[in-house]
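Here's my_file-v3.cif, which has mmCIF, C-alpha atoms and all ligand atoms:
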data_final
loop_
_atom_site.label_atom_id
_atom_site.label_comp_id
_atom_site.auth_asym_id
_atom_site.auth_seq_id
_atom_site.Cartn_x
_atom_site.Cartn_y
_atom_site.Cartn_z
CA VAL A 134 0.00 0.00 0.00
CA PRO A 135 1.47 3.39 -0.91
CA GLU A 136 1.81 5.76 2.06
CA ASN A 137 -0.96 8.29 2.79
CA ASN A 138 -3.65 5.86 1.64
CA THR A 139 -7.01 6.99 2.97
CA GLY A 140 -9.48 4.42 1.68
CA SER A 141 -10.02 0.71 1.75
CA PHE A 142 -7.11 -1.09 0.12
CA TYR A 143 -8.00 -4.76 0.61
CA GLN A 144 -11.15 -6.80 0.28
CA ALA A 145 -11.19 -9.87 2.49
CA GLY A 146 -13.10 -12.88 1.21
CA ALA A 147 -14.55 -16.01 2.79
CA SER A 148 -16.98 -18.68 1.72
CA ASP A 149 -19.45 -20.48 3.94
CA PRO A 150 -20.51 -23.99 2.80
CA ASP A 151 -24.03 -23.43 4.16
CA GLY A 152 -24.35 -20.04 2.51
CA ASN A 153 -24.68 -18.20 5.87
CA GLN A 154 -23.77 -14.57 6.03
CA VAL A 155 -20.25 -14.03 7.40
CA THR A 156 -18.81 -11.04 9.28
CA PHE A 157 -15.21 -9.86 9.25
CA THR A 158 -13.28 -8.47 12.24
CA ILE A 159 -9.73 -7.56 13.19
CA ALA A 160 -8.82 -10.61 15.27
CA GLY A 161 -5.31 -9.72 16.43
CA GLY A 162 -1.73 -9.12 15.42
CA LEU A 163 0.93 -6.75 16.75
CA ASP A 164 -0.44 -3.81 14.76
CA ALA A 165 -4.15 -4.58 15.04
CA SER A 166 -4.97 -1.16 16.49
CA ARG A 167 -3.85 0.56 13.27
CA PHE A 168 -6.61 -1.03 11.16
CA ALA A 169 -10.35 -1.00 10.70
CA ILE A 170 -12.48 -3.47 8.75
CA THR A 171 -16.10 -3.33 7.70
CA PRO A 172 -18.37 -6.29 8.44
CA SER A 173 -18.21 -7.07 4.72
CA GLY A 174 -14.39 -7.20 4.77
CA GLN A 175 -13.10 -3.86 3.47
CA LEU A 176 -9.80 -3.20 5.23
CA SER A 177 -8.39 0.30 5.80
CA PHE A 178 -5.93 2.14 8.02
CA VAL A 179 -7.36 4.05 11.00
CA ALA A 180 -4.98 6.93 10.12
CA PRO A 181 -3.26 7.26 6.74
CA PRO A 182 0.15 5.55 7.04
CA ASN A 183 3.29 7.68 6.71
CA PHE A 184 6.30 5.87 5.27
CA GLU A 185 8.78 8.25 6.92
CA THR A 186 7.23 7.90 10.37
CA PRO A 187 5.98 4.29 10.48
CA ALA A 188 3.45 3.43 13.17
CA ASP A 189 3.89 -0.36 13.24
CA SER A 190 5.33 -1.91 16.37
CA ASP A 191 8.91 -2.31 15.10
CA ARG A 192 8.75 0.63 12.68
CA ASP A 193 9.79 -1.24 9.57
CA ASN A 194 6.63 -0.36 7.58
CA VAL A 195 5.45 -3.97 7.65
CA TYR A 196 2.21 -4.02 9.64
CA GLN A 197 1.15 -7.33 11.15
CA LEU A 198 -2.47 -8.18 11.74
CA GLN A 199 -4.88 -11.06 11.80
CA LEU A 200 -8.28 -10.96 10.17
CA GLY A 201 -11.16 -12.95 11.57
CA VAL A 202 -14.36 -14.09 9.94
CA SER A 203 -17.37 -15.78 11.50
CA ASP A 204 -20.84 -16.98 10.56
CA GLY A 205 -21.88 -16.73 14.21
CA GLN A 206 -20.91 -20.31 15.02
CA ALA A 207 -17.64 -21.24 13.33
CA SER A 208 -14.77 -18.87 12.66
CA ALA A 209 -11.50 -18.67 10.75
CA THR A 210 -8.51 -16.36 10.75
CA LEU A 211 -5.97 -15.10 8.25
CA THR A 212 -2.58 -13.64 9.10
CA LEU A 213 -1.85 -10.65 6.93
CA ASN A 214 1.24 -8.46 6.52
CA VAL A 215 0.63 -5.02 5.04
CA THR A 216 3.73 -3.33 3.61
CA VAL A 217 3.59 0.46 3.28
CA THR A 218 5.69 1.78 0.39
CA ASP A 219 7.27 5.20 -0.09
CA SER A 220 5.74 7.87 -2.28
CA ARG A 221 7.48 11.03 -3.47
CA GLU A 222 4.35 12.83 -2.19
CA GLY A 223 4.11 15.28 -5.04
CA ILE A 224 7.72 16.44 -4.81
CA GLY A 225 9.93 16.80 -7.86
CA VAL A 226 13.28 18.37 -7.04
CA ARG A 227 15.04 19.96 -10.01
CA ARG A 228 18.66 20.96 -10.29
CA VAL A 229 18.66 24.54 -11.58
CA ALA A 230 22.37 25.37 -11.33
CA THR A 231 25.82 23.87 -11.26
CA GLY A 232 29.29 25.35 -11.18
CA PHE A 233 29.25 27.80 -8.31
CA ILE A 234 32.59 27.72 -6.50
CA LYS A 235 32.11 26.89 -2.81
CA PRO A 236 28.73 28.65 -2.56
CA VAL A 237 27.78 29.33 1.04
CA ALA A 238 24.78 31.67 1.14
CA ILE A 239 21.55 32.12 -0.80
CA SER A 240 18.64 34.55 -0.67
CA ALA A 241 15.44 34.28 -2.70
CA VAL A 242 14.36 37.70 -3.93
CA SER A 243 11.62 36.10 -6.03
CA GLU A 244 10.95 32.88 -7.92
CA SER A 245 13.11 34.23 -10.74
CA LEU A 246 15.92 35.87 -8.78
CA LEU A 247 18.31 34.41 -6.24
CA LEU A 248 21.34 36.04 -4.70
CA VAL A 249 24.16 33.53 -4.31
CA ALA A 250 27.38 34.22 -2.43
CA GLU A 251 30.52 32.17 -2.79
CA LYS A 252 32.77 31.67 0.21
CA ASP A 253 35.45 34.09 -0.98
CA GLY A 254 32.95 36.94 -1.42
CA VAL A 255 31.78 36.83 -5.04
CA VAL A 256 28.04 37.58 -5.23
CA PHE A 257 25.80 36.56 -8.15
CA ALA A 258 22.27 37.32 -9.26
CA PHE A 259 20.92 34.02 -10.55
CA ASN A 260 17.68 33.33 -12.38
CA PRO A 261 16.62 29.74 -11.58
CA GLN A 262 13.99 29.83 -14.35
CA ASN A 263 16.37 30.36 -17.26
CA GLY A 264 19.81 29.74 -15.70
CA ASN A 265 21.11 33.26 -16.31
CA ARG A 266 23.73 34.36 -13.82
CA VAL A 267 25.35 37.76 -13.46
CA GLN A 268 28.24 38.53 -11.14
CA LEU A 269 27.09 41.51 -9.10
CA GLY A 270 30.28 42.22 -7.23
CA ARG A 271 32.75 41.02 -4.71
CA ILE A 272 32.73 41.52 -0.95
CA GLY A 273 36.24 42.61 -0.02
CA ASN A 274 38.38 41.66 2.97
CA VAL A 275 36.63 38.32 3.56
CA GLY A 276 38.55 36.10 5.98
CA GLY A 277 38.97 32.36 6.10
CA ALA A 278 35.52 31.77 7.57
CA GLY A 279 34.12 33.29 4.38
CA VAL A 280 30.74 34.83 3.77
CA LEU A 281 28.20 33.78 6.41
CA SER A 282 24.88 35.01 5.03
CA ILE A 283 23.34 37.28 2.42
CA ILE A 284 19.96 38.93 1.89
CA SER A 285 18.52 41.44 -0.54
CA GLU A 286 17.67 44.90 0.72
CA ARG A 287 13.96 45.74 0.56
CA ASP A 288 14.53 48.13 -2.36
CA PHE A 289 16.69 45.64 -4.25
CA ALA A 290 14.50 45.77 -7.37
CA SER A 291 15.27 49.47 -7.90
CA THR A 292 18.69 49.84 -6.24
CA GLY A 293 20.34 46.41 -6.33
CA THR A 294 21.40 46.87 -2.72
CA PHE A 295 22.13 43.73 -0.71
CA ILE A 296 23.31 43.01 2.82
CA ALA A 297 26.08 40.56 3.61
CA MET A 298 27.38 39.06 6.85
CA TYR A 299 30.99 37.91 6.96
CA ALA A 300 34.10 37.67 9.10
CA THR A 301 36.98 39.77 7.84
CA ALA A 302 40.60 38.76 7.34
CA ASN A 303 41.59 41.18 10.11
CA GLY A 304 39.24 39.74 12.72
CA TYR A 305 35.95 41.63 12.57
CA LEU A 306 32.41 40.34 12.30
CA VAL A 307 30.66 42.58 9.79
CA VAL A 308 27.08 43.05 8.62
CA ALA A 309 27.10 45.64 5.84
CA ARG A 310 25.03 47.03 3.02
CA PHE A 311 26.52 46.84 -0.47
CA VAL A 312 25.35 49.58 -2.80
CA ARG A 313 25.98 50.32 -6.46
CA ASN A 314 27.93 53.49 -7.12
CA LEU A 315 27.43 55.77 -10.12
CA ALA A 316 29.80 53.61 -12.15
CA GLY A 317 27.56 50.60 -11.46
CA GLN A 318 30.11 48.94 -9.18
CA TYR A 319 29.35 47.66 -5.72
CA GLU A 320 30.91 49.26 -2.70
CA ILE A 321 30.31 49.00 1.01
CA ASP A 322 27.81 51.55 2.36
CA THR A 323 29.86 53.52 4.88
CA VAL A 324 27.03 55.95 5.65
CA ARG A 325 24.34 53.53 6.67
CA SER A 326 26.66 51.16 8.48
CA LEU A 327 25.14 48.22 10.30
CA LEU A 328 27.55 46.15 12.39
CA SER A 329 31.31 45.84 12.64
CA VAL A 330 32.71 44.39 15.85
CA PRO A 331 36.10 42.87 16.72
CA ALA A 332 35.82 39.09 16.65
CA PRO A 333 39.30 37.57 16.40
CA ASP A 334 38.09 34.16 17.62
CA TYR A 335 34.61 34.19 16.06
CA SER A 336 33.14 30.70 16.32
CA GLY A 337 31.29 30.93 13.00
CA GLY A 338 27.68 30.72 11.96
CA GLY A 339 25.37 33.51 11.03
CA TRP A 340 22.00 34.17 9.46
CA LEU A 341 20.26 37.18 7.97
CA GLY A 342 16.47 37.25 7.67
CA ARG A 343 13.50 39.57 7.90
CA ASP A 344 10.55 39.71 10.24
CA ALA A 345 7.00 40.08 8.91
CA ASP A 346 7.36 43.89 8.98
CA GLY A 347 10.50 43.73 6.85
CA ASN A 348 12.94 44.51 9.66
CA LEU A 349 16.34 42.89 9.33
CA LEU A 350 17.09 39.93 11.63
CA VAL A 351 20.72 39.08 12.38
CA ALA A 352 21.75 35.85 14.14
CA THR A 353 25.34 35.67 15.37
CA GLY A 354 27.56 32.96 16.77
CA ASP A 355 29.41 33.41 20.03
CA ALA A 356 32.71 35.32 20.25
CA GLY A 357 34.71 32.10 20.56
CA PRO A 358 36.94 30.27 20.99
CA ARG A 359 35.58 26.89 22.18
CA GLY A 360 33.03 27.00 25.00
CA ASP A 361 32.52 30.78 24.79
CA PRO A 362 34.95 31.49 27.68
CA SER A 363 34.08 35.21 27.73
CA GLY A 364 30.39 34.38 28.22
CA SER A 365 29.48 36.52 25.22
CA ALA A 366 26.35 34.56 24.28
CA GLN A 367 24.77 35.33 27.67
CA GLN A 368 25.85 38.98 27.91
CA SER A 369 23.09 41.38 26.99
CA ASN A 370 25.56 44.08 25.89
CA SER A 371 27.41 41.77 23.47
CA PHE A 372 26.49 41.33 19.80
CA PHE A 373 27.60 37.67 19.90
CA GLY A 374 25.43 34.59 20.34
CA LYS A 375 22.32 36.67 19.70
CA LEU A 376 19.34 37.06 17.44
CA ILE A 377 19.08 40.79 16.82
CA ARG A 378 16.20 42.76 15.29
CA VAL A 379 17.34 45.84 13.42
CA THR A 380 14.84 48.69 13.08
CA PRO A 381 15.20 52.13 11.43
CA ASN A 382 16.27 54.83 13.85
CA PRO A 383 13.52 57.48 13.74
CA ASP A 384 16.07 60.18 14.66
CA PRO A 385 19.35 59.21 12.94
CA TYR A 386 21.06 62.60 13.42
CA ALA A 387 20.48 62.95 17.17
CA GLY A 388 23.97 61.83 18.17
CA ALA A 389 27.51 62.96 17.42
CA SER A 390 27.56 60.83 14.27
CA PRO A 391 24.60 59.61 12.19
CA ASN A 392 23.10 56.33 13.38
CA PHE A 393 20.48 54.88 11.07
CA TYR A 394 19.65 51.65 12.88
CA LEU A 395 18.54 50.47 16.31
CA PHE A 396 19.44 47.01 17.57
CA SER A 397 17.30 44.87 19.91
CA ASN A 398 18.36 41.48 21.24
CA ILE A 399 15.41 39.15 20.80
CA ALA A 400 17.29 35.95 21.65
CA LYS A 401 20.54 35.07 23.37
CA GLY A 402 22.46 31.91 24.23
CA LEU A 403 23.23 30.88 20.61
CA HIS A 404 26.36 28.98 19.58
CA MET A 405 26.56 28.85 15.77
CA PRO A 406 23.22 29.73 14.16
CA ASN A 407 22.83 28.45 10.63
CA GLY A 408 19.51 29.24 9.01
CA GLY A 409 16.16 30.50 10.16
CA ALA A 410 12.55 30.77 9.05
CA LEU A 411 9.69 32.97 10.16
CA PHE A 412 6.94 31.00 11.84
CA SER A 413 3.77 32.22 13.47
CA GLY A 414 5.12 35.64 14.44
CA GLY A 415 8.39 34.17 15.66
CA VAL A 416 11.43 32.42 14.24
CA LEU A 417 12.57 28.80 13.90
CA LEU A 418 16.34 29.03 14.20
CA ALA A 419 18.83 26.22 13.62
CA ASP A 420 21.83 26.32 15.97
CA ALA A 421 24.78 24.00 15.43
CA GLY A 422 26.30 22.48 18.54
CA GLN A 423 29.96 22.44 19.46
CA ASP A 424 30.54 18.82 20.47
CA THR A 425 27.33 16.93 21.13
CA THR A 426 24.03 18.27 19.85
CA ASP A 427 22.50 20.21 16.98
CA GLU A 428 19.20 21.90 17.59
CA ILE A 429 16.28 23.91 16.29
CA ASN A 430 15.03 26.64 18.58
CA LEU A 431 11.63 28.28 18.50
CA LEU A 432 11.51 31.98 19.32
CA PRO A 433 7.79 32.59 19.87
CA SER A 434 7.83 36.27 18.94
CA VAL A 435 10.23 38.82 17.45
CA ILE A 436 8.73 41.51 19.71
CA ASP A 437 8.88 39.97 23.18
CA PRO A 438 11.86 40.45 25.49
CA ALA A 439 14.87 38.29 24.64
CA ARG A 440 14.56 34.53 25.11
CA ASN A 441 17.54 32.50 26.25
CA PHE A 442 18.54 29.35 24.34
CA GLY A 443 21.08 28.27 26.92
CA TRP A 444 24.53 28.22 25.26
CA PRO A 445 27.28 27.86 26.58
CA PHE A 446 25.66 26.02 29.48
CA LYS A 447 23.58 23.65 27.35
CA GLU A 448 23.78 21.93 23.99
CA GLY A 449 20.27 20.81 23.20
CA THR A 450 18.74 19.52 26.43
CA ARG A 451 22.15 18.47 27.77
CA VAL A 452 24.08 20.50 30.34
CA VAL A 453 27.65 20.83 29.08
CA GLN A 454 29.13 23.26 31.58
CA GLY A 455 28.26 25.14 34.76
CA SER A 456 24.73 25.82 35.96
CA PRO A 457 22.30 26.74 33.17
CA PRO A 458 20.28 29.92 33.70
CA ALA A 459 16.76 29.26 34.96
CA ASP A 460 15.21 30.89 31.89
CA ALA A 461 17.03 28.67 29.35
CA LEU A 462 14.59 27.35 26.73
CA ASP A 463 15.19 23.86 25.42
CA PRO A 464 15.07 23.29 21.65
CA VAL A 465 12.02 21.98 19.81
CA ILE A 466 14.21 19.48 17.89
CA GLU A 467 17.62 18.09 18.78
CA TYR A 468 19.92 15.40 17.43
CA ALA A 469 23.40 14.14 18.16
CA ARG A 470 26.61 15.12 16.42
CA ALA A 471 28.31 12.35 14.43
CA ALA A 472 31.17 13.80 12.43
CA GLY A 473 31.37 12.69 8.82
CA GLN A 474 27.99 10.96 8.88
CA ARG A 475 24.97 11.71 6.71
CA VAL A 476 23.14 12.74 9.90
CA GLY A 477 25.26 14.56 12.47
CA SER A 478 27.66 16.65 10.40
CA GLY A 479 25.94 19.92 11.29
CA ILE A 480 22.43 21.28 11.07
CA VAL A 481 21.26 23.48 8.19
CA GLY A 482 18.00 25.39 8.66
CA GLY A 483 15.43 25.84 7.18
CA ALA A 484 12.39 27.03 5.26
CA ILE A 485 8.65 26.47 5.46
CA GLY A 486 6.96 25.08 2.36
CA GLY A 487 4.09 26.90 0.68
CA LYS A 488 0.84 25.70 -0.85
CA LEU A 489 2.42 24.50 -4.10
CA ILE A 490 3.13 21.06 -2.64
CA PRO A 491 0.50 19.78 -0.18
CA SER A 492 2.88 17.31 1.50
CA LEU A 493 5.28 20.18 2.32
CA SER A 494 2.73 22.92 2.98
CA GLY A 495 3.41 24.27 6.46
CA HIS A 496 6.30 21.84 6.87
CA TYR A 497 9.61 23.14 8.17
CA VAL A 498 12.30 21.67 5.87
CA PHE A 499 15.83 21.38 7.22
CA ALA A 500 18.96 19.42 6.42
CA ASP A 501 22.23 18.11 7.72
CA ARG A 502 25.50 18.98 6.01
CA GLY A 503 26.06 15.25 5.61
CA GLY A 504 23.19 15.21 3.09
CA ALA A 505 20.12 14.14 5.09
CA LEU A 506 16.89 16.09 4.49
CA PHE A 507 14.01 16.38 6.95
CA SER A 508 10.54 17.86 7.23
CA VAL A 509 8.17 18.31 10.12
CA PRO A 510 4.83 20.09 10.34
CA ALA A 511 5.80 23.41 11.91
CA SER A 512 2.55 23.41 13.87
CA THR A 513 3.79 20.41 15.89
CA LEU A 514 6.84 22.33 17.16
CA GLN A 515 6.30 23.87 20.56
CA ASN A 516 8.48 24.96 23.44
CA GLY A 517 8.38 22.62 26.40
CA ARG A 518 8.64 19.58 24.15
CA THR A 519 11.88 18.51 22.44
CA LEU A 520 11.45 16.16 19.48
CA SER A 521 14.10 13.72 18.34
CA LEU A 522 14.58 12.83 14.69
CA SER A 523 12.34 9.78 15.13
CA ALA A 524 9.40 12.20 15.21
CA VAL A 525 10.58 13.96 12.05
CA GLU A 526 10.18 12.79 8.44
CA ARG A 527 13.42 11.88 6.71
CA ARG A 528 12.83 13.01 3.11
CA ASP A 529 16.03 12.08 1.23
CA ALA A 530 14.17 9.74 -1.15
CA ASP A 531 11.28 12.17 -1.69
CA PHE A 532 13.82 14.92 -2.50
CA ARG A 533 15.95 12.86 -4.88
CA PRO A 534 16.73 15.36 -7.64
CA ASP A 535 16.35 14.93 -11.39
CA ALA A 536 20.10 15.46 -11.80
CA GLY A 537 23.09 15.71 -9.47
CA LEU A 538 23.06 14.91 -5.78
CA ILE A 539 22.06 16.85 -2.69
CA ASP A 540 25.10 15.63 -0.78
CA SER A 541 26.45 18.68 1.05
CA PRO A 542 23.64 21.19 1.66
CA VAL A 543 24.85 24.47 3.11
CA ALA A 544 21.77 26.71 3.00
CA ILE A 545 18.01 26.45 2.47
CA THR A 546 15.72 29.34 1.66
CA ALA A 547 12.25 30.01 0.29
CA ASP A 548 10.65 32.81 -1.66
CA SER A 549 7.58 34.61 -0.32
CA ALA A 550 5.30 31.88 -1.72
CA GLY A 551 7.19 29.10 0.04
CA LEU A 552 9.05 27.84 -3.05
CA ILE A 553 12.13 26.17 -1.51
CA PHE A 554 15.70 26.31 -2.82
CA ILE A 555 18.59 24.19 -1.53
CA LEU A 556 22.18 25.34 -1.99
CA ASP A 557 24.71 22.52 -2.19
CA GLY A 558 28.32 23.12 -1.19
CA ASP A 559 29.66 21.46 -4.37
CA GLY A 560 28.15 24.22 -6.51
CA GLU A 561 24.62 23.01 -7.26
CA ILE A 562 21.28 24.70 -6.59
CA PHE A 563 18.08 22.66 -6.36
CA ARG A 564 14.49 23.88 -6.52
CA VAL A 565 11.74 21.92 -4.76
CA ASP A 566 8.95 21.79 -7.34
CA ALA A 567 5.61 20.04 -7.46
CA ASN A 568 6.02 16.75 -9.25
CA CA A 601 5.35 10.79 4.19
CA CA A 602 6.63 -4.25 11.45
CA CA A 603 7.59 9.79 1.10
CA CA A 604 25.87 17.96 -4.86
#
I'd like the structure from this file rewritten - as structure tokens, please.
Ligand SMILES: [Ca+2]
Ligand SMILES: [Ca+2]
Ligand SMILES: [Ca+2]
Ligand SMILES: [Ca+2]
Amino acid sequence: VPENNTGSFYQAGASDPDGNQVTFTIAGGLDASRFAITPSGQLSFVAPPNFETPADSDRDNVYQLQLGVSDGQASATLTLNVTVTDSREGIGVRRVATGFIKPVAISAVSESLLLVAEKDGVVFAFNPQNGNRVQLGRIGNVGGAGVLSIISERDFASTGTFIAMYATANGYLVVARFVRNLAGQYEIDTVRSLLSVPAPDYSGGGWLGRDADGNLLVATGDAGPRGDPSGSAQQSNSFFGKLIRVTPNPDPYAGASPNFYLFSNIAKGLHMPNGGALFSGGVLLADAGQDTTDEINLLPSVIDPARNFGWPFKEGTRVVQGSPPADALDPVIEYARAAGQRVGSGIVGGAIGGKLIPSLSGHYVFADRGGALFSVPASTLQNGRTLSLSAVERRDADFRPDAGLIDSPVAITADSAGLIFILDGDGEIFRVDAN
């Protein structure tokens, strides 16, 4: 039976030598509770089976049951195994690009325009519909950690302005606007400067997003090195290990020098954030662990006072040093590190699918750098309950692309309609289409 089956899939039969009417029942079997049968023998699942989250007793998608039939006096039984098979569930992933050199960051301006940044700072405008790519410019002074994140400015269509987050060769963490000058070349916007802070030991990670009002969101890793010894992620006056909402300063010329932006910490206690998605007025934010655990955190609101996600005291639900602060929020999903494995090489968040594909609509899609792909209905994620991967759908087979391999995903994004793009570290871009 293909997964998601909703109707009757099997008609039981029996013959009675006297011609009496016979009635069918579920008589037993390890997975009896998963099935219903009509008196006339039409067998169905109580809830549509899901191949990626099997509900049979040993979770191998082979459901064991025993049918019974009776004429009121004599009875007989039949042992039946029902095997649930995988379906692509309406998903048809297409490779839309190859040949980027160590791409690390992607931003969907629209369904026909992506910004793609390579590690060394080269930024492209790429049209996934026709394959056209144009090199916009190059971010200068990028250090070994490379570009961390990129996003289009709200007026990109008219100005071409984008925002990039990167660590510089001389030890600064920078978030800066890149604007076109009169000669059409990109240069850093030194007037409307965003963020530039010394970070000689920056631990890595970073994400740029927008809240529902269009305000810039900036997620930063801790100041490093290992274990955040300076406690930066917990310090309210530090820019490190935070999710920061950036709003326009209503009075930019009030101070000694112009200041166009205001910064509010809306989350702290992050280690190495790597991808976020707006959800229900808040943010689902992936945070890579240091040694033991990768996690997805749920910030309920971008307006409320800062929430604390626990680093460097906790990785996932596990205490890794000291005494965690009482207000530390546990993640909504966690899984263990396993270096070099398909699952456990580092979390990559995430985007929420739109209406185009029913089986992904409202699902949060995330990945592991080792190549595993996952989805989970975002509505099932709630603080106070930490899911393991056994509660999440592993979608590698459903996402098998028409060409190439999704083997080293580094970033996932979606356009405003929930059309999902996956950036692969070996230079490919994949689009998650309806089949
Ligand atoms: Ca499924
Ligand atoms: Ca089984
Ligand atoms: Ca499937
Ligand atoms: Ca690949």
Nearest-residue call for Ala550 of chain A, choices A:His496, A:Arg287, A:Arg564, A:Lys488, using only C-alpha atoms: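 Result for the nearest residue to Ala550 of chain A: A:Lys488.
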9 Å contact set for Pro135 of chain A, all atoms listed in the file, chain neighbours under 6 positions out, as an MDAnalysis selection string: chainID A and resid 182:184 216:220
Skip segment 313-328 of chain A itself and residues of its chain fewer than 2 positions away, then list as a CSV table (one decimal) with C-alpha atoms, in the frame of the given file all residues within 7 Å of it, counting all atoms listed in the file.
chain,number,residue,atom,x,y,z
A,270,GLY,CA,30.3,42.2,-7.2
A,293,GLY,CA,20.3,46.4,-6.3
A,294,THR,CA,21.4,46.9,-2.7
A,307,VAL,CA,30.7,42.6,9.8
A,308,VAL,CA,27.1,43.0,8.6
A,309,ALA,CA,27.1,45.6,5.8
A,310,ARG,CA,25.0,47.0,3.0
A,311,PHE,CA,26.5,46.8,-0.5
A,330,VAL,CA,32.7,44.4,15.8
A,393,PHE,CA,20.5,54.9,11.1
A,394,TYR,CA,19.6,51.6,12.9
Long-range neighbours of Leu411 of chain A as a ChimeraX atom specification, 9 Å cut-off, only C-alpha atoms, 6 positions minimum in chain: /A:342-345,417-418,484-485
Neighbours of ligand CA 602 (chain A) at 8 Å or closer, counting only C-alpha atoms and all ligand atoms: which residues, as an NGL selection string? :A and (164 or 189-197)
Which chains and residue numbers are within 9 Å of ligand CA 603 (chain A), counting all atoms listed in the file, if I want them as a compact mmCIF listing (two decimals) with C-alpha atoms, in the frame of the given file?
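Once everything was written out, this is out.txt:
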# COMPACT_ATOMS: atom_id res chain seq x y z
CA GLU A 136 1.81 5.76 2.06
CA ASN A 137 -0.96 8.29 2.79
CA ASN A 183 3.29 7.68 6.71
CA PHE A 184 6.30 5.87 5.27
CA GLU A 185 8.78 8.25 6.92
CA THR A 218 5.69 1.78 0.39
CA ASP A 219 7.27 5.20 -0.09
CA SER A 220 5.74 7.87 -2.28
CA ARG A 221 7.48 11.03 -3.47
CA GLU A 222 4.35 12.83 -2.19
CA GLY A 223 4.11 15.28 -5.04
CA ILE A 224 7.72 16.44 -4.81
CA SER A 492 2.88 17.31 1.50
CA GLU A 526 10.18 12.79 8.44
CA ARG A 527 13.42 11.88 6.71
CA ARG A 528 12.83 13.01 3.11
CA ASP A 529 16.03 12.08 1.23
CA ALA A 530 14.17 9.74 -1.15
CA ASP A 531 11.28 12.17 -1.69
CA PHE A 532 13.82 14.92 -2.50
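If you look at atom CA of Asp437 of chain A and atom CA of Ile399 of chain A, they are 7.0 Å away from each other.
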